[in-house]
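These notes concern the structure reproduced below.
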Amino acid sequence: MAHASPASPSAAALVDGFSLEMTGKDVAGLHEARAIIPRGTKINVTFLGNEDLEMRVAAARAVKESGFVPVPHISARRLESPAQLEEFLGRLHEVGATEHVFAVGGDPADPAGPYPDALSLIQSGLLQQYGVREVSIAGYPEGHPDIADDVLWRHLDEKALALAQQGLDAVILTQFAFDTEPVVDWIAAVRERSIDAPIRVGTPGPAGIKRLISFARRFGVGANAMIVKKYGFSLTNLMGTAGPDRFVSDLAEQLPAAATVKLHFYTFGGLLATAQWAREFVAAEYSGAVQ
């Protein structure tokens, strides 16, 4: 396991209040980690092609019952009809898991139904009917392999505007990165567009280096030798694990003091390993050393 390094006050503040991500298959891992995850932590629940309705709802219920805040993903392009969207929202509402959702386009090349993107989900008007108060929307500091940058920016503007017009709170949740420079530049560009929604920077939790590289390639994240060296490991030495210590410290140093930014951890190495790393990293500010 990658151990946390002593944190600076600004870096610890950036980590404090983190959110996590889990799949529908991670309920056992959630139970294993719940004692060290701060109560009230937001935990996103994925909407993947190898999950079904029951699995997604059960995971969201487990998050709620464990004392955390469920943030179910709604994958627009996987939905076959408005009725399927309403069924999902209705089941989530039954278990108290609709106040916060993440509206995302999703992976399929062709939409299964009438929702080609997250904007169309937001504009459907259905979210508020099931108690949604806050919607997370996606941000891509390093771009998207299949979507042009101008389209990404236009959609970000339109989603932020649509949520504001509907009286819904917005959070921008970014794809994970290994390099802080494009993240910081992208955050500045978001603010220049007068979008003031809180931003959660996607950050890989501690995991095996091979696993991290695999996910980077899958999601189109930059993973060349220079970038991963900045992150703290080498493409020529893929043994062992790596944690986000350097990334988090560098990000904290580069962000403006008043930046409304927190971290969202992609738990590639598991919920327990990520939660342990975050607890140690924050505690190091006060103790000066890892406990």
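In the structure tokens, chains take the letters A, B, ... in the order shown, each chain's residues start at 1, and ligands count up from 1 in the order shown.
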
Item to complete: For Pro198 in chain A, list every protein, DNA or RNA residue within 10 Å, evaluated using only C-alpha atoms, and leave out those in the same chain fewer than 4 positions away; present the list as a list in words.
Response: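 Using only C-alpha atoms, the neighbours found are Ser136, Asp169, Ala170, Val171, Ile172, Leu173, Ala259, Thr260, Val261 and Lys262 of chain A.
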
Selection to disk with N, CA and C atoms, as a JSON list (two decimals), in the first residue's frame:
```
[["chain", "number", "residue", "atom", "x", "y", "z"],
["A", 136, "SER", "N", -24.27, 16.71, -10.18],
["A", 136, "SER", "CA", -22.87, 16.77, -10.61],
["A", 136, "SER", "C", -22.82, 16.60, -12.12],
["A", 169, "ASP", "N", -28.67, 22.91, -7.67],
["A", 169, "ASP", "CA", -27.26, 23.17, -7.41],
["A", 169, "ASP", "C", -26.40, 22.33, -8.35],
["A", 170, "ALA", "N", -25.23, 22.86, -8.69],
["A", 170, "ALA", "CA", -24.32, 22.15, -9.59],
["A", 170, "ALA", "C", -22.99, 21.91, -8.91],
["A", 171, "VAL", "N", -22.40, 20.76, -9.23],
["A", 171, "VAL", "CA", -21.03, 20.44, -8.86],
["A", 171, "VAL", "C", -20.35, 19.92, -10.13],
["A", 172, "ILE", "N", -19.13, 20.35, -10.37],
["A", 172, "ILE", "CA", -18.38, 19.84, -11.52],
["A", 172, "ILE", "C", -17.40, 18.79, -11.03],
["A", 173, "LEU", "N", -17.52, 17.60, -11.59],
["A", 173, "LEU", "CA", -16.68, 16.46, -11.20],
["A", 173, "LEU", "C", -15.80, 16.10, -12.38],
["A", 259, "ALA", "N", -9.96, 29.15, -3.91],
["A", 259, "ALA", "CA", -10.55, 28.20, -4.86],
["A", 259, "ALA", "C", -11.55, 27.28, -4.18],
["A", 260, "THR", "N", -12.71, 27.12, -4.80],
["A", 260, "THR", "CA", -13.75, 26.23, -4.26],
["A", 260, "THR", "C", -13.54, 24.86, -4.87],
["A", 261, "VAL", "N", -12.53, 24.16, -4.37],
["A", 261, "VAL", "CA", -12.10, 22.89, -4.96],
["A", 261, "VAL", "C", -11.89, 21.86, -3.87],
["A", 262, "LYS", "N", -12.42, 20.64, -4.11],
["A", 262, "LYS", "CA", -12.15, 19.49, -3.26],
["A", 262, "LYS", "C", -11.73, 18.33, -4.16]]
```

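With only C-alpha atoms taken into account, the protein and nucleic acid residues at most 8 Å from Phe265 in chain A (excluding it and anything under 2 positions from it in its own chain) are Phe18, Ser19, Leu20, Glu21, Gly202, Thr203, Pro204, Gly205, Leu263, Thr267 and Thr274 of chain A.
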
Discussion item. I need the strand (DSSP E) residues of range 100-210 of chain A per DSSP on the backbone, written as a PyMOL selection string.
Written reply: chain A and resi 100-104+134-139+169-174+199-204+207-208

Worksheet entry | Shell of 9 Å around Glu32 in chain A, only C-alpha atoms, local chain residues under 5 positions omitted, as an MDAnalysis selection string | chainID A and resid 27 271:272

Write out, as a PDB file, in the first residue's frame, the residues just selected, with N, CA and C atoms.
```pdb
ATOM      1  N   VAL A  27     -20.188  -3.224  -2.556  1.00  0.00           N
ATOM      2  CA  VAL A  27     -20.884  -3.081  -1.273  1.00  0.00           C
ATOM      3  C   VAL A  27     -20.079  -3.710  -0.139  1.00  0.00           C
ATOM      4  N   LEU A 271     -11.892   0.881  -1.791  1.00  0.00           N
ATOM      5  CA  LEU A 271     -12.367   1.918  -0.880  1.00  0.00           C
ATOM      6  C   LEU A 271     -11.522   1.999   0.385  1.00  0.00           C
ATOM      7  N   LEU A 272     -11.154   0.852   0.933  1.00  0.00           N
ATOM      8  CA  LEU A 272     -10.405   0.841   2.185  1.00  0.00           C
ATOM      9  C   LEU A 272      -9.041   1.500   2.014  1.00  0.00           C
TER      10      LEU A 272
END
```

Worksheet entry | Every residue of range 112-222 of chain A that DSSP places in helix (DSSP H, G or I), as a PyMOL selection string | chain A and resi 118-123+126-129+149-165+180-192+209-219

Worksheet item: How many Å separate CA of Val135 in chain A from CA of Ala207 in chain A?
Response: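 Those two atoms sit 28.4 Å apart.
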
Practice prompt. Could you give me, as a list in words, the residues within 8 Å of Ala177 in chain A, counting only C-alpha atoms and dropping anything in the same chain fewer than 2 positions from it?
Written response: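 So the residues in contact are Pro141, Glu142, Gln175, Asp179, Thr180, Val183, Gly202, Thr203, Pro204, Val221 and Gly222 of chain A.
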
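The smallest atom-to-atom distance between Gln84 in chain A and any of A:Leu119, A:Leu30, A:Ala112, A:Leu156, using only C-alpha atoms, is found for A:Ala112.
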
Give me, as an mmCIF file with N, CA, C and O atoms, in the first residue's frame, all polymer residues having an atom no more than 9 Å from Tyr115 in chain A, counting only C-alpha atoms and skipping those fewer than 6 positions away in the same chain.
```
data_model
loop_
_atom_site.group_PDB
_atom_site.id
_atom_site.type_symbol
_atom_site.label_atom_id
_atom_site.label_comp_id
_atom_site.auth_asym_id
_atom_site.auth_seq_id
_atom_site.Cartn_x
_atom_site.Cartn_y
_atom_site.Cartn_z
ATOM 1 N N SER A 75 -26.448 7.409 -16.370
ATOM 2 C CA SER A 75 -25.760 7.364 -17.657
ATOM 3 C C SER A 75 -26.777 7.558 -18.779
ATOM 4 O O SER A 75 -27.557 6.646 -19.098
ATOM 5 N N ALA A 76 -26.771 8.745 -19.383
ATOM 6 C CA ALA A 76 -27.802 9.116 -20.346
ATOM 7 C C ALA A 76 -27.909 8.126 -21.499
ATOM 8 O O ALA A 76 -29.001 7.687 -21.870
ATOM 9 N N ARG A 77 -26.779 7.763 -22.064
ATOM 10 C CA ARG A 77 -26.794 6.977 -23.296
ATOM 11 C C ARG A 77 -27.156 5.512 -23.056
ATOM 12 O O ARG A 77 -27.371 4.758 -24.012
ATOM 13 N N ARG A 78 -27.213 5.092 -21.792
ATOM 14 C CA ARG A 78 -27.630 3.722 -21.484
ATOM 15 C C ARG A 78 -29.149 3.608 -21.248
ATOM 16 O O ARG A 78 -29.667 2.500 -21.128
ATOM 17 N N LEU A 79 -29.837 4.723 -21.172
ATOM 18 C CA LEU A 79 -31.267 4.702 -20.877
ATOM 19 C C LEU A 79 -32.080 4.529 -22.158
ATOM 20 O O LEU A 79 -31.891 5.250 -23.135
ATOM 21 N N GLU A 80 -33.011 3.578 -22.118
ATOM 22 C CA GLU A 80 -33.782 3.257 -23.312
ATOM 23 C C GLU A 80 -35.028 4.128 -23.478
ATOM 24 O O GLU A 80 -35.563 4.237 -24.580
ATOM 25 N N SER A 81 -35.490 4.757 -22.384
ATOM 26 C CA SER A 81 -36.745 5.501 -22.458
ATOM 27 C C SER A 81 -36.911 6.392 -21.230
ATOM 28 O O SER A 81 -36.268 6.157 -20.194
ATOM 29 N N PRO A 82 -37.804 7.393 -21.309
ATOM 30 C CA PRO A 82 -38.143 8.167 -20.112
ATOM 31 C C PRO A 82 -38.692 7.276 -19.000
ATOM 32 O O PRO A 82 -38.436 7.526 -17.810
ATOM 33 N N GLY A 105 -22.936 11.540 -19.758
ATOM 34 C CA GLY A 105 -23.321 10.968 -21.042
ATOM 35 C C GLY A 105 -23.196 9.460 -21.074
ATOM 36 O O GLY A 105 -24.106 8.745 -21.487
ATOM 37 N N LEU A 121 -30.708 14.876 -20.202
ATOM 38 C CA LEU A 121 -31.251 14.392 -18.928
ATOM 39 C C LEU A 121 -31.716 15.560 -18.073
ATOM 40 O O LEU A 121 -32.817 15.545 -17.507
ATOM 41 N N SER A 124 -34.831 17.227 -19.284
ATOM 42 C CA SER A 124 -36.053 16.411 -19.270
ATOM 43 C C SER A 124 -37.053 16.903 -18.231
ATOM 44 O O SER A 124 -38.263 16.651 -18.357
#
```

Worksheet item: Skipping near chain neighbours, those fewer than 3 positions away, what residues fall within 8 Å of range 92-99 of chain A using only C-alpha atoms, listed as a list in words?
Response: Val57, Ala60, Arg61, Lys64, Val69, Pro70, Val71, Pro72, Phe88, Leu89, Tyr130, Gly131, Val132, Arg133 and Glu134 of chain A
